[in-house]
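Worksheet: one structure, shown below.
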Amino acid sequence: MANQLFNPGREGFLDGSIDWDTNDQRVMLVKSAYIFSAAHKFLSDITAGNDNGRSAALTAKTVTDGVADAADTTLTATAAAACNALVIFQHTGVDATARLIAYIDTSTGLPFTPAASMAVSVAWNNGADRIFKL
């Protein structure tokens, strides 16, 4: 599968409820058991047993030419489990209201199986589309 935006995330950009460069966006490492659905809206739609670590808030976010970018980040894997994707979400502190934005499964190093408590570096693409392009 190719990297995808969640449809409710697209809606969030259009209705103004997601503001890439000012809201708190984070990244979650997703276990391979998760099956992507473009219709999933909130983090709670995918977290049941599929969360393998989350980053702190993304920093140095930019939106030039409709392209989302941010500084590279790190998260800590919570389990030694096969992982095949990263999910970007708008952090609210509550999984039931944290809006899903992007699903990234096509990237150098994915899929992989981290060790429990392993620091996982996330280096965003430096190409034209960076993290994703609207």
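Within each chain, counting starts at residue 1; across the structure tokens, chains are named A, B, ... in the order shown, with ligands numbered 1 upward in that order.
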In stretch 8-96 of chain A, what's strand (DSSP E) per DSSP? Answer as a VMD selection string? chain A and resid 25 to 31 51 to 54 67 to 68 73 to 76 83 to 90
Quick one: residues within 8 Å of stretch 17-20 of chain A, only C-alpha atoms counted, chain neighbours fewer than 6 positions away excluded, as a compact mmCIF listing (two decimals) with N, CA, C and O atoms, in the first residue's frame?
# COMPACT_ATOMS: atom_id res chain seq x y z
N GLY A 9 -9.19 13.36 8.28
CA GLY A 9 -8.08 14.29 8.40
C GLY A 9 -8.13 15.34 7.29
O GLY A 9 -7.94 16.53 7.52
N LYS A 61 7.40 22.77 12.32
CA LYS A 61 6.46 22.39 11.26
C LYS A 61 6.32 23.52 10.23
O LYS A 61 6.31 24.69 10.59
N THR A 62 6.24 23.12 8.96
CA THR A 62 6.06 24.08 7.88
C THR A 62 4.95 23.61 6.94
O THR A 62 4.60 22.43 6.92
N VAL A 63 4.44 24.57 6.15
CA VAL A 63 3.32 24.28 5.24
C VAL A 63 3.56 24.83 3.83
O VAL A 63 2.62 24.90 3.03
N ALA A 68 3.39 19.41 4.01
CA ALA A 68 3.60 19.33 5.45
C ALA A 68 4.99 18.79 5.74
O ALA A 68 5.40 17.77 5.18
N GLN A 90 -3.51 14.44 15.37
CA GLN A 90 -3.59 15.70 16.12
C GLN A 90 -3.86 15.35 17.57
O GLN A 90 -4.93 14.86 17.91
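Across the model, the gap from atom CA of A:Ser121 to atom CA of A:Thr74 is 4.4 Å.
The shortest atom-to-atom distance to A:Ala102, with only C-alpha atoms taken into account, belongs to A:Ile131 out of A:Ile131, A:Thr76, A:Asp51, A:Ala116.
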Who sits within 7 Å of A:Val67, only C-alpha atoms, same chain under 4 positions skipped, as a PDB file with N, CA and C atoms, in the first residue's frame:
ATOM      1  N   VAL A  63       4.438  24.571   6.153  1.00  0.00           N
ATOM      2  CA  VAL A  63       3.319  24.280   5.241  1.00  0.00           C
ATOM      3  C   VAL A  63       3.558  24.829   3.831  1.00  0.00           C
ATOM      4  N   ASP A 129       7.711  16.042  -1.566  1.00  0.00           N
ATOM      5  CA  ASP A 129       6.465  15.861  -0.816  1.00  0.00           C
ATOM      6  C   ASP A 129       6.655  15.802   0.685  1.00  0.00           C
ATOM      7  N   ARG A 130       7.901  15.824   1.164  1.00  0.00           N
ATOM      8  CA  ARG A 130       8.234  15.809   2.595  1.00  0.00           C
ATOM      9  C   ARG A 130       7.426  14.745   3.336  1.00  0.00           C
ATOM     10  N   PHE A 132       3.849  14.819   3.790  1.00  0.00           N
ATOM     11  CA  PHE A 132       2.749  14.606   2.843  1.00  0.00           C
ATOM     12  C   PHE A 132       2.419  15.937   2.182  1.00  0.00           C
ATOM     13  N   LYS A 133       1.710  15.841   1.074  1.00  0.00           N
ATOM     14  CA  LYS A 133       1.299  17.029   0.321  1.00  0.00           C
ATOM     15  C   LYS A 133      -0.216  16.995   0.165  1.00  0.00           C
ATOM     16  N   LEU A 134      -0.839  18.133   0.419  1.00  0.00           N
ATOM     17  CA  LEU A 134      -2.289  18.230   0.233  1.00  0.00           C
ATOM     18  C   LEU A 134      -2.587  18.494  -1.227  1.00  0.00           C
TER      19      LEU A 134
END
Hey, what's within 6 Å of stretch 93-101 of chain A if we count only C-alpha atoms and toss same-chain stuff fewer than 2 positions away? As a ChimeraX atom specification, please? /A:5-6,9,41-44,88-91
Restrict the selected residues to all heavy atoms and save them as an mmCIF file, in the first residue's frame.
data_model
loop_
_atom_site.group_PDB
_atom_site.id
_atom_site.type_symbol
_atom_site.label_atom_id
_atom_site.label_comp_id
_atom_site.auth_asym_id
_atom_site.auth_seq_id
_atom_site.Cartn_x
_atom_site.Cartn_y
_atom_site.Cartn_z
ATOM 1 N N LEU A 5 -3.649 9.712 3.307
ATOM 2 C CA LEU A 5 -4.257 10.604 4.287
ATOM 3 C C LEU A 5 -5.585 9.993 4.695
ATOM 4 O O LEU A 5 -6.288 9.403 3.870
ATOM 5 C CB LEU A 5 -4.489 12.000 3.709
ATOM 6 C CG LEU A 5 -3.238 12.788 3.339
ATOM 7 C CD1 LEU A 5 -3.623 14.139 2.746
ATOM 8 C CD2 LEU A 5 -2.338 12.986 4.542
ATOM 9 N N PHE A 6 -5.941 10.109 5.972
ATOM 10 C CA PHE A 6 -7.253 9.658 6.425
ATOM 11 C C PHE A 6 -8.285 10.672 5.940
ATOM 12 O O PHE A 6 -8.052 11.884 6.017
ATOM 13 C CB PHE A 6 -7.290 9.561 7.959
ATOM 14 C CG PHE A 6 -6.464 8.436 8.507
ATOM 15 C CD1 PHE A 6 -5.148 8.636 8.907
ATOM 16 C CD2 PHE A 6 -7.007 7.159 8.635
ATOM 17 C CE1 PHE A 6 -4.384 7.599 9.423
ATOM 18 C CE2 PHE A 6 -6.251 6.113 9.150
ATOM 19 C CZ PHE A 6 -4.935 6.329 9.542
ATOM 20 N N GLY A 9 -9.193 13.362 8.285
ATOM 21 C CA GLY A 9 -8.080 14.292 8.401
ATOM 22 C C GLY A 9 -8.135 15.338 7.295
ATOM 23 O O GLY A 9 -7.939 16.531 7.520
ATOM 24 N N LYS A 41 -11.338 7.868 11.959
ATOM 25 C CA LYS A 41 -11.325 9.291 12.281
ATOM 26 C C LYS A 41 -10.455 9.641 13.481
ATOM 27 O O LYS A 41 -9.758 10.651 13.476
ATOM 28 C CB LYS A 41 -12.753 9.776 12.531
ATOM 29 C CG LYS A 41 -12.859 11.269 12.757
ATOM 30 C CD LYS A 41 -14.301 11.734 12.794
ATOM 31 C CE LYS A 41 -14.385 13.256 12.892
ATOM 32 N NZ LYS A 41 -15.782 13.714 12.820
ATOM 33 N N PHE A 42 -10.528 8.823 14.523
ATOM 34 C CA PHE A 42 -9.833 9.141 15.763
ATOM 35 C C PHE A 42 -8.810 8.064 16.116
ATOM 36 O O PHE A 42 -8.944 6.910 15.701
ATOM 37 C CB PHE A 42 -10.842 9.303 16.906
ATOM 38 C CG PHE A 42 -11.812 10.423 16.698
ATOM 39 C CD1 PHE A 42 -13.149 10.172 16.478
ATOM 40 C CD2 PHE A 42 -11.386 11.750 16.700
ATOM 41 C CE1 PHE A 42 -14.048 11.204 16.276
ATOM 42 C CE2 PHE A 42 -12.266 12.793 16.495
ATOM 43 C CZ PHE A 42 -13.604 12.513 16.283
ATOM 44 N N LEU A 43 -7.842 8.422 16.898
ATOM 45 C CA LEU A 43 -6.801 7.492 17.308
ATOM 46 C C LEU A 43 -7.403 6.246 17.958
ATOM 47 O O LEU A 43 -6.897 5.144 17.778
ATOM 48 C CB LEU A 43 -5.846 8.211 18.263
ATOM 49 C CG LEU A 43 -4.463 7.640 18.440
ATOM 50 C CD1 LEU A 43 -3.741 7.452 17.118
ATOM 51 C CD2 LEU A 43 -3.651 8.527 19.354
ATOM 52 N N SER A 44 -8.489 6.399 18.673
ATOM 53 C CA SER A 44 -9.145 5.253 19.316
ATOM 54 C C SER A 44 -9.643 4.223 18.300
ATOM 55 O O SER A 44 -9.869 3.070 18.658
ATOM 56 C CB SER A 44 -10.297 5.719 20.201
ATOM 57 O OG SER A 44 -11.250 6.436 19.438
ATOM 58 N N ILE A 88 0.242 9.718 11.834
ATOM 59 C CA ILE A 88 0.317 11.086 12.340
ATOM 60 C C ILE A 88 -1.075 11.475 12.797
ATOM 61 O O ILE A 88 -2.061 11.236 12.085
ATOM 62 C CB ILE A 88 0.825 12.043 11.252
ATOM 63 C CG1 ILE A 88 2.224 11.620 10.805
ATOM 64 C CG2 ILE A 88 0.840 13.485 11.773
ATOM 65 C CD1 ILE A 88 2.735 12.370 9.604
ATOM 66 N N PHE A 89 -1.158 12.092 13.972
ATOM 67 C CA PHE A 89 -2.453 12.468 14.526
ATOM 68 C C PHE A 89 -2.361 13.808 15.228
ATOM 69 O O PHE A 89 -1.281 14.241 15.620
ATOM 70 C CB PHE A 89 -2.980 11.391 15.482
ATOM 71 C CG PHE A 89 -2.116 11.170 16.702
ATOM 72 C CD1 PHE A 89 -2.427 11.781 17.911
ATOM 73 C CD2 PHE A 89 -1.001 10.346 16.646
ATOM 74 C CE1 PHE A 89 -1.642 11.577 19.045
ATOM 75 C CE2 PHE A 89 -0.203 10.130 17.774
ATOM 76 C CZ PHE A 89 -0.527 10.755 18.974
ATOM 77 N N GLN A 90 -3.513 14.443 15.365
ATOM 78 C CA GLN A 90 -3.590 15.696 16.116
ATOM 79 C C GLN A 90 -3.856 15.348 17.568
ATOM 80 O O GLN A 90 -4.933 14.865 17.912
ATOM 81 C CB GLN A 90 -4.690 16.593 15.560
ATOM 82 C CG GLN A 90 -4.757 17.928 16.280
ATOM 83 C CD GLN A 90 -5.627 18.907 15.543
ATOM 84 O OE1 GLN A 90 -5.302 19.297 14.444
ATOM 85 N NE2 GLN A 90 -6.731 19.288 16.146
ATOM 86 N N HIS A 91 -2.885 15.597 18.415
ATOM 87 C CA HIS A 91 -2.951 15.220 19.825
ATOM 88 C C HIS A 91 -3.918 16.129 20.596
ATOM 89 O O HIS A 91 -3.860 17.347 20.486
ATOM 90 C CB HIS A 91 -1.556 15.322 20.441
ATOM 91 C CG HIS A 91 -1.504 15.027 21.893
ATOM 92 N ND1 HIS A 91 -1.703 13.762 22.398
ATOM 93 C CD2 HIS A 91 -1.281 15.823 22.960
ATOM 94 C CE1 HIS A 91 -1.594 13.800 23.703
ATOM 95 N NE2 HIS A 91 -1.340 15.040 24.075
#
At a cut-off of 7 Å, using only C-alpha atoms, what residues contact A:Phe112? Leave out same-chain residues fewer than 4 positions from it and give the result as a list in words. Ala82, Cys83 and Asn84 of chain A
Selected residues written out, N, CA and C atoms, as a compact mmCIF listing (two decimals), in the first residue's frame:
# COMPACT_ATOMS: atom_id res chain seq x y z
N ALA A 82 6.26 -6.62 15.60
CA ALA A 82 6.37 -6.21 14.21
C ALA A 82 5.54 -4.95 13.99
N CYS A 83 6.14 -3.97 13.32
CA CYS A 83 5.47 -2.70 13.03
C CYS A 83 5.61 -2.40 11.54
N ASN A 84 4.54 -1.89 10.94
CA ASN A 84 4.62 -1.63 9.51
C ASN A 84 4.26 -0.21 9.12
Atom CA of A:Gln4 and atom CA of A:Ile35, how far apart in Å?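 That distance, rounded to one decimal, is 12.6 Å.
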